[in-house]
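Novice: Sending over a structure as structure tokens; questions will come in a sec.
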Amino acid sequence: MTPAGLEITTGETVLFWVIAPLMVLAALGLLFVKRAVHAAMCLVFVMVSMAILYIAQEAPFLGVVQVVVYTGAVMMLFLFVLMLVGVDASDSLTETIRGQRWVGLLIGIGLAVILGGVVARAAFPPPAGLAGGDPGGVANPQALARVLFGDYVLAMEAVGVLLVTAAVGALVLTHRRRLTPKQDQRAVADARIRALPEGVVLTPLPSPGVYATSNAMDTPALGPDGEQVPQSVSRVLRIRGQEKAAPHAPGTELVDVRTRDAGTSEARTTEGEA
Amino acid sequence: MIGLAPWLIGFPLIGAAILLLWPVVLGRRSIDRWGHWLGVAASAASGVVAFILMFRMIGTPAEGRSVDHHLWTWLSAGGLDVDLGLRLDPLSLTFVMLVTFVGTLIHVYSVAYMDHDPDRRRFFAYLNLFVAAMLTLVLADSYLLLFVGWEGVGLASYLLIGFWDTGRPSARENAVAAKKAFVMNRIGDMGLIAAMALLFAHAGALDFGTALSDDSVGSMSQATATAVGLCLLLAACGKSAQFPLQAWLGDAMAGPTPVSALIHAATMVTAGVYLMVRSGAILEAAPTAQLVVVLVGAVTLLFGAIVGCAKDDIKKALAASTMSQIGYMMLAAGLGPAGYAFAIFHLLTHGFFKAGLFLGAGSVMHAMGDQTDMRRFGGLSRFLPITWITMGLGWLAILGIPPFSGFWSKDGIIEAAFIPVEGQPWRAWVFGTVAVLGAAITAFYMTRLFFMTFGGRRPRWTEGQHPHEGSPLMWWPLVFLGVGSAALGLVLGIGGTFTTWLEPVVGHAEHHEPVLPVWLIITATLVVVVLGALLAFRMYAVQLVPEEAPRGSALTRAARKDLYQDAANETLVVRPAFGLARVVQVGDRDVVDRGWSVLPQAVSWFGGVFRKAQTGYVRSYAAGMAGGVLVIAVVAWLVVGLGGAQ
Amino acid sequence: MDITNYVVLAAVLFAVGATTVLLRRNAIVVFMGVELMLNATNLAFVTFARMHGDLTGQVLAFFVMVVAAAEVVVGLAIIVTIFRTRRSASVDDVNLLRG
């Protein structure tokens, strides 16, 4: 390797100082945000930034791989699992294990100090750079490929086997053996008939009310007695609290169609209050 | 000829097996009807084989009479090779004849005696088992097989003493007696095992041919020989009820009377004498052990005789007499080659007359409604003439009145006791005197027994007794044994026939002359015997016998209590053993257990402390790990980093 | 600018990731902390590769990525399985092995 030395350009310096604080900030977000989805977004940001830093550091191939594998695949996997577990599965940040918070912080800060201290005190050689001064040298990704499939071909194969094993392992882990006979349509129908005394309704649930002044999906229908029918709104909407009140529910005045203009504004007001 | 020998054991063994197993497989109703005859047949078949073997042996020259019959290899373990084999020689054949002949007679007698017992089949099974075991004992060609027979007779003895143990409180005495016999015999067995171990350590073999050979015994140190001899003596003491292990024999009379006759008078209890004579080579190499044997014999001889004088229970008096007579045999066995032949001879004659006396006693009890107290007998001679005559023959035989058989054997022992031992002139006088004294006391107590039972004009029976002779099955054996008591000594003793017969086994006795002239010994013995008998006659035939025992002298009271043997055992052995056990128990529980439990308690305590670290929270574990990494990093930095930074 | 700044950045990110593992209870977020730590080491690898002019560092970073991908697959499968049985994604709820 020729001791050509490496000049870090001003552009790179600027890039670093712009990106690095943002990365640290995003990483800290992992620690402090409440919702797992937000944490995942923070991590995505850190990873994309990381890809940029790779490219800046003469590792374009890794940069691309970082985006594809981490941001593209791994983080998507995380998000899928978050969906499975529940998007709003946020955990409270109050600590349950006594002293864990202080211990954790101490260890974190300690690690940062120690590692930083070591880096600061270590005597590094002058940076060499990868392509600089190497006349026949080929940069990424060909050079990397030569090393990978030359010196490290065995490790490469082993890692391939590992990936396949991991995929099969995940399949096995998440596979659920069927313990009960499959519920076909007839079985479901029979079960519902049997559950009739317990108040199961055989007929389809009532559809949501259709009103001129509101989106029908989130508004309950009115029964013959003028009361709202809660079952007519999708359960998901009800749980999320996105259900609205029916415009003509008791307590709201009936609106005469003929006085549409005035009624519309009134109805809007009611909607806004709800 | 020898090929027949295994059948001696085989017949009774098969008999016992059938009698015990048949009811299990096929029910007991059928076999209860003829099982006792099967037992008799098995014993008799063995007796026939014994006769055939004896006639063939008589036809063999003396030097060829000892034959070892190898059956198969029994054990082969490391240096120990024990072949299962039988040794047939004049000594063992004498025993075989005694056991099968007397045994068969007693079997026949028992058919009638046990007639009303619902468990008669089981009784015969045990009797057959006993015969088989006893024959194994005497025919064995090694100590190990002898030990098998030894334990077998012990088992049979235990089962038969406790035969009437029905589990009811009234039968407790039987169970206790059986256990007592069993436990005391185990003490003796320990001696036999120890002796075998010593012999094996010395000679590397347990068969008589090797272990008792001149090479083996000749190379034995004095200490080893003495130890082996004393261990064997301990075994003999246990089995033969010799001092200090004599206490079980009196209680063993709780068993049925035929058992007392066969096992506890004629055969099993003499196994100790057999062991002594068989192991004579070792005893001769250990004069100290020999002296102890003689001492034990002498002490037991007087002990039994004194106890016999005070007992009112006819069976217990006979048991004491047995003890005393075996004391004679032990004394003779301890005298060396001069005494062996007479020990065995006395054993043989004693087997006949004592079996006869016991069966006679059984006959009397049978006639008197199972009464055993002699103070409730009297005047029975008119009602039980056959029993009276046959027991009279036995009485004369045990007294040693010539020409009855006891004279020939006992007189030989007394003469042998008077033979001086080099360097210890006191022995001849002491043991000779003891033997003569024993003869006098024997005359006293046997005469007492005889006249208390049969003599006197005024019967002292309890109400409602109508004594009569039993069935012929009962009195024919008595006749046979009576004839044996009368004539056996004369037939075998005259001209030393029996001594010559045993010579191939025990060797020829070259000995000194007794310290007193032989005629003087015989005369003196006879005189004291007649005096003792006359005294007893005066006290129990001429004078009236009180129905309740008088208080008696201190010696009488002590003798009635077996000279406090049980109290002595209790104080000297049982209490200290219990105390020791208690100390060990307390020590084990409070010292050892408690001491060791500190260790697990400590482990448990530390476990409890460290368990708290196992919170189950993965983050705690992660914190521990990360903290560890941090510490290692700090240490590495301090140790390596700072030093090697510049 | 000194190239070691990159290494310092990696160290800080690593510490933050470790702290995340220690402090967050949602298993998925904990897992993200692990990923952050892996990425931080990758940054250090790439930086050292550049510093020494040796591609081996980049190769190692590549392997770390692959192994991390495999680990994510298995780890998330485990989380899903646990969630199915316990209806919870909190690592504190999985404490059956306490002393």
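Labels used: A, B, ... for chains in the order of the structure tokens, numbers from 1 for residues in each chain, and numbers from 1 for ligands as shown.
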Residues of chain B no more than 12 Å from chain A, counting only C-alpha atoms: send them over as a PyMOL selection string.

Specialist: chain B and resi 615-638+640-646

Novice: Write out as number ranges by chain the residues lying within 8 Å of Trp74 of chain B, counting only C-alpha atoms and excluding same-chain residues fewer than 3 positions away.

Specialist: B: 81-84

Novice: Only C-alpha atoms, please: the residues just picked out, written as a PDB file, in the first residue's frame.

Specialist:
```pdb
ATOM      1  CA  ASP B  81     -12.436 -72.208  44.297  1.00  0.00           C
ATOM      2  CA  VAL B  82     -14.984 -74.237  46.152  1.00  0.00           C
ATOM      3  CA  ASP B  83     -16.078 -77.496  44.695  1.00  0.00           C
ATOM      4  CA  LEU B  84     -19.316 -78.921  45.862  1.00  0.00           C
TER       5      LEU B  84
END
```

Novice: Provide the atom CA of Val483 of chain B to atom CA of Leu393 of chain B distance in Å, to one decimal place.

Specialist: 7.8 Å

Novice: Tell me the residues of chain C close to chain A, meaning within 6 Å using only C-alpha atoms, as a short mmCIF file (atom, residue, chain, number, x, y, z; two decimals) with C-alpha atoms, in the first residue's frame.

Specialist:
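Dumped everything to result.cif:
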```
data_model
loop_
_atom_site.label_atom_id
_atom_site.label_comp_id
_atom_site.auth_asym_id
_atom_site.auth_seq_id
_atom_site.Cartn_x
_atom_site.Cartn_y
_atom_site.Cartn_z
CA MET C 1 -11.41 16.98 10.12
CA VAL C 8 -16.20 8.51 17.99
CA ALA C 11 -18.85 4.75 19.84
CA VAL C 12 -21.63 7.16 20.74
CA ALA C 15 -23.52 3.39 23.67
CA THR C 19 -28.65 1.94 26.65
CA THR C 20 -31.73 1.30 24.56
CA LEU C 22 -31.07 -1.82 28.87
CA ARG C 50 -10.49 3.45 5.04
CA MET C 51 -7.96 4.39 7.62
CA HIS C 52 -5.77 1.36 6.94
CA GLY C 53 -6.45 1.18 3.25
CA ALA C 70 -30.41 -13.66 9.79
CA VAL C 74 -35.06 -15.45 13.91
CA ALA C 77 -39.98 -14.86 14.80
CA THR C 81 -44.26 -16.49 18.95
#
```

Novice: Would you kindly report the residues of chain C within 12 Å of chain B, using only C-alpha atoms, as a VMD selection string?

Specialist: chain C and resid 14 to 15 17 to 27 30 to 31 34 90 to 99

Novice: Could you pull out the strand (DSSP E or B) residues of segment 168-242 of chain A, going by DSSP on the backbone, and write them as a CSV table (one decimal) with C-alpha atoms, in the first residue's frame?

Specialist:
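The result, stored in selection25.csv:
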```
chain,number,residue,atom,x,y,z
A,211,TYR,CA,-76.9,10.8,6.1
A,214,SER,CA,-71.8,13.0,7.2
A,221,ALA,CA,-77.7,4.1,12.1
A,222,LEU,CA,-80.8,5.1,14.0
A,228,GLN,CA,-78.4,5.0,17.8
A,229,VAL,CA,-77.4,1.4,16.9
```

Novice: Could you tell me how far atom CA of Leu13 of chain B lies from atom CA of Leu144 of chain B, in Å and to one decimal?

Specialist: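 Result for atom CA of Leu13 of chain B versus atom CA of Leu144 of chain B: 18.8 Å, one decimal.
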
Novice: Tell me which of A:Pro141, A:Gly72, A:Pro204, A:Gly11 sits closest to Gln58 of chain C, counting only C-alpha atoms.

Specialist: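 Looking at the shortest contact to Gln58 of chain C, the residue is A:Pro141.
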
Novice: Considering only C-alpha atoms, return as a ChimeraX atom specification whatever protein or nucleic-acid residues lie within 12 Å of Phe353 of chain B, sequence-local ones (same chain, fewer than 5 positions apart) excluded.

Specialist: /B:98,102,261-262,265-266,318,321-322,325,346-348,358-360,390-400,404-407,477-489

Novice: Emit the selected residues as a short mmCIF file (atom, residue, chain, number, x, y, z; two decimals), in the first residue's frame, including N, CA and C atoms.

Specialist:
```
data_model
loop_
_atom_site.label_atom_id
_atom_site.label_comp_id
_atom_site.auth_asym_id
_atom_site.auth_seq_id
_atom_site.Cartn_x
_atom_site.Cartn_y
_atom_site.Cartn_z
N LEU B 98 -26.47 -92.39 62.45
CA LEU B 98 -27.21 -91.87 63.62
C LEU B 98 -28.40 -91.03 63.16
N VAL B 102 -31.96 -92.83 63.84
CA VAL B 102 -32.75 -92.18 64.89
C VAL B 102 -33.80 -91.27 64.26
N ALA B 261 -36.16 -84.38 70.79
CA ALA B 261 -35.42 -85.63 70.76
C ALA B 261 -34.43 -85.64 69.61
N LEU B 262 -34.90 -85.26 68.43
CA LEU B 262 -34.05 -85.40 67.24
C LEU B 262 -33.01 -84.28 67.17
N ALA B 265 -31.31 -83.03 71.05
CA ALA B 265 -30.68 -84.02 71.91
C ALA B 265 -29.75 -84.90 71.10
N ALA B 266 -30.28 -85.52 70.03
CA ALA B 266 -29.52 -86.57 69.38
C ALA B 266 -28.56 -86.03 68.33
N LEU B 318 -34.18 -82.85 80.99
CA LEU B 318 -33.48 -83.60 79.95
C LEU B 318 -32.60 -82.68 79.11
N SER B 321 -29.57 -82.05 80.92
CA SER B 321 -28.76 -83.25 80.83
C SER B 321 -28.03 -83.32 79.49
N THR B 322 -28.75 -82.98 78.42
CA THR B 322 -28.13 -82.97 77.10
C THR B 322 -26.92 -82.05 77.10
N GLN B 325 -24.13 -83.66 78.89
CA GLN B 325 -23.51 -84.78 78.16
C GLN B 325 -22.67 -84.27 77.01
N HIS B 346 -19.45 -91.46 72.44
CA HIS B 346 -20.44 -90.99 73.41
C HIS B 346 -21.57 -90.27 72.69
N LEU B 347 -21.19 -89.55 71.67
CA LEU B 347 -22.19 -88.84 70.86
C LEU B 347 -23.19 -89.83 70.29
N LEU B 348 -22.67 -90.96 69.81
CA LEU B 348 -23.52 -91.97 69.20
C LEU B 348 -24.44 -92.60 70.25
N PHE B 358 -36.08 -88.79 75.58
CA PHE B 358 -36.99 -87.72 75.17
C PHE B 358 -38.29 -88.27 74.64
N LEU B 359 -38.18 -89.30 73.80
CA LEU B 359 -39.41 -89.87 73.27
C LEU B 359 -40.23 -90.47 74.40
N GLY B 360 -39.53 -91.07 75.39
CA GLY B 360 -40.24 -91.58 76.55
C GLY B 360 -40.96 -90.45 77.27
N THR B 390 -38.29 -98.88 78.59
CA THR B 390 -37.35 -98.28 77.64
C THR B 390 -36.66 -97.07 78.27
N MET B 391 -37.39 -96.29 79.04
CA MET B 391 -36.72 -95.17 79.70
C MET B 391 -35.77 -95.66 80.77
N GLY B 392 -36.13 -96.78 81.38
CA GLY B 392 -35.22 -97.36 82.35
C GLY B 392 -33.90 -97.76 81.71
N LEU B 393 -33.99 -98.32 80.53
CA LEU B 393 -32.77 -98.68 79.82
C LEU B 393 -31.95 -97.43 79.52
N GLY B 394 -32.65 -96.38 79.09
CA GLY B 394 -31.95 -95.12 78.82
C GLY B 394 -31.33 -94.57 80.08
N TRP B 395 -32.06 -94.71 81.20
CA TRP B 395 -31.56 -94.19 82.48
C TRP B 395 -30.28 -94.91 82.87
N LEU B 396 -30.33 -96.25 82.76
CA LEU B 396 -29.12 -97.02 83.11
C LEU B 396 -27.98 -96.67 82.16
N ALA B 397 -28.32 -96.42 80.90
CA ALA B 397 -27.28 -96.11 79.94
C ALA B 397 -26.61 -94.78 80.27
N ILE B 398 -27.40 -93.78 80.62
CA ILE B 398 -26.79 -92.46 80.87
C ILE B 398 -26.02 -92.47 82.18
N LEU B 399 -26.46 -93.32 83.09
CA LEU B 399 -25.72 -93.43 84.34
C LEU B 399 -24.34 -94.06 84.13
N GLY B 400 -24.24 -94.84 83.08
CA GLY B 400 -22.96 -95.51 82.82
C GLY B 400 -22.81 -96.79 83.60
N PHE B 404 -24.52 -101.35 79.98
CA PHE B 404 -25.32 -100.48 79.09
C PHE B 404 -24.42 -99.49 78.36
N SER B 405 -24.95 -98.95 77.28
CA SER B 405 -24.05 -98.33 76.30
C SER B 405 -23.32 -97.11 76.87
N GLY B 406 -23.95 -96.35 77.79
CA GLY B 406 -23.29 -95.17 78.31
C GLY B 406 -21.98 -95.50 79.00
N PHE B 407 -21.92 -96.66 79.62
CA PHE B 407 -20.71 -97.04 80.33
C PHE B 407 -19.51 -97.05 79.40
N PRO B 477 -40.73 -97.26 68.16
CA PRO B 477 -39.47 -96.51 68.18
C PRO B 477 -38.81 -96.52 69.55
N LEU B 478 -39.64 -96.46 70.61
CA LEU B 478 -39.07 -96.50 71.96
C LEU B 478 -38.33 -97.82 72.18
N VAL B 479 -38.92 -98.89 71.69
CA VAL B 479 -38.28 -100.19 71.87
C VAL B 479 -36.94 -100.23 71.14
N PHE B 480 -36.96 -99.76 69.90
CA PHE B 480 -35.71 -99.76 69.13
C PHE B 480 -34.63 -98.96 69.86
N LEU B 481 -35.03 -97.77 70.31
CA LEU B 481 -34.04 -96.92 70.96
C LEU B 481 -33.61 -97.51 72.29
N GLY B 482 -34.55 -98.16 72.98
CA GLY B 482 -34.20 -98.80 74.24
C GLY B 482 -33.18 -99.90 74.02
N VAL B 483 -33.41 -100.70 73.00
CA VAL B 483 -32.45 -101.76 72.68
C VAL B 483 -31.10 -101.15 72.35
N GLY B 484 -31.16 -100.06 71.56
CA GLY B 484 -29.89 -99.38 71.23
C GLY B 484 -29.21 -98.89 72.48
N SER B 485 -29.97 -98.30 73.41
CA SER B 485 -29.37 -97.79 74.63
C SER B 485 -28.71 -98.91 75.41
N ALA B 486 -29.32 -100.03 75.35
CA ALA B 486 -28.80 -101.12 76.14
C ALA B 486 -27.58 -101.75 75.48
N ALA B 487 -27.67 -101.99 74.17
CA ALA B 487 -26.71 -102.89 73.57
C ALA B 487 -25.66 -102.22 72.72
N LEU B 488 -25.92 -101.01 72.27
CA LEU B 488 -25.02 -100.40 71.28
C LEU B 488 -23.59 -100.31 71.81
N GLY B 489 -23.47 -99.88 73.06
CA GLY B 489 -22.15 -99.73 73.64
C GLY B 489 -21.42 -101.06 73.69
#
```

Novice: Quick check for you: according to DSSP on this backbone, which residues of segment 407-575 of chain B are classed as helix (DSSP H, G or I)? Reply as a PyMOL selection string.

Specialist: chain B and resi 407-417+425-454+472-506+518-542+554-560+562-575

Novice: Find the spatial neighbours of Gly204 of chain B, counting only C-alpha atoms, within a cut-off of 12 Å - ignore same-chain residues fewer than 6 positions away - and output them as a ChimeraX atom specification.

Specialist: /B:77-82,196-198,210-212,216

Novice: In Å, with one decimal, what is the gap from atom CA of Asn5 of chain C to atom CA of Phe48 of chain C?

Specialist: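 So the answer is 11.5 Å.
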
Novice: Would you list the contacts of Gln290 of chain B as a ChimeraX atom specification, taking every protein, DNA or RNA residue within 7 Å and counting only C-alpha atoms, but skipping same-chain residues closer than 5 positions in sequence?

Specialist: /B:283-284,334
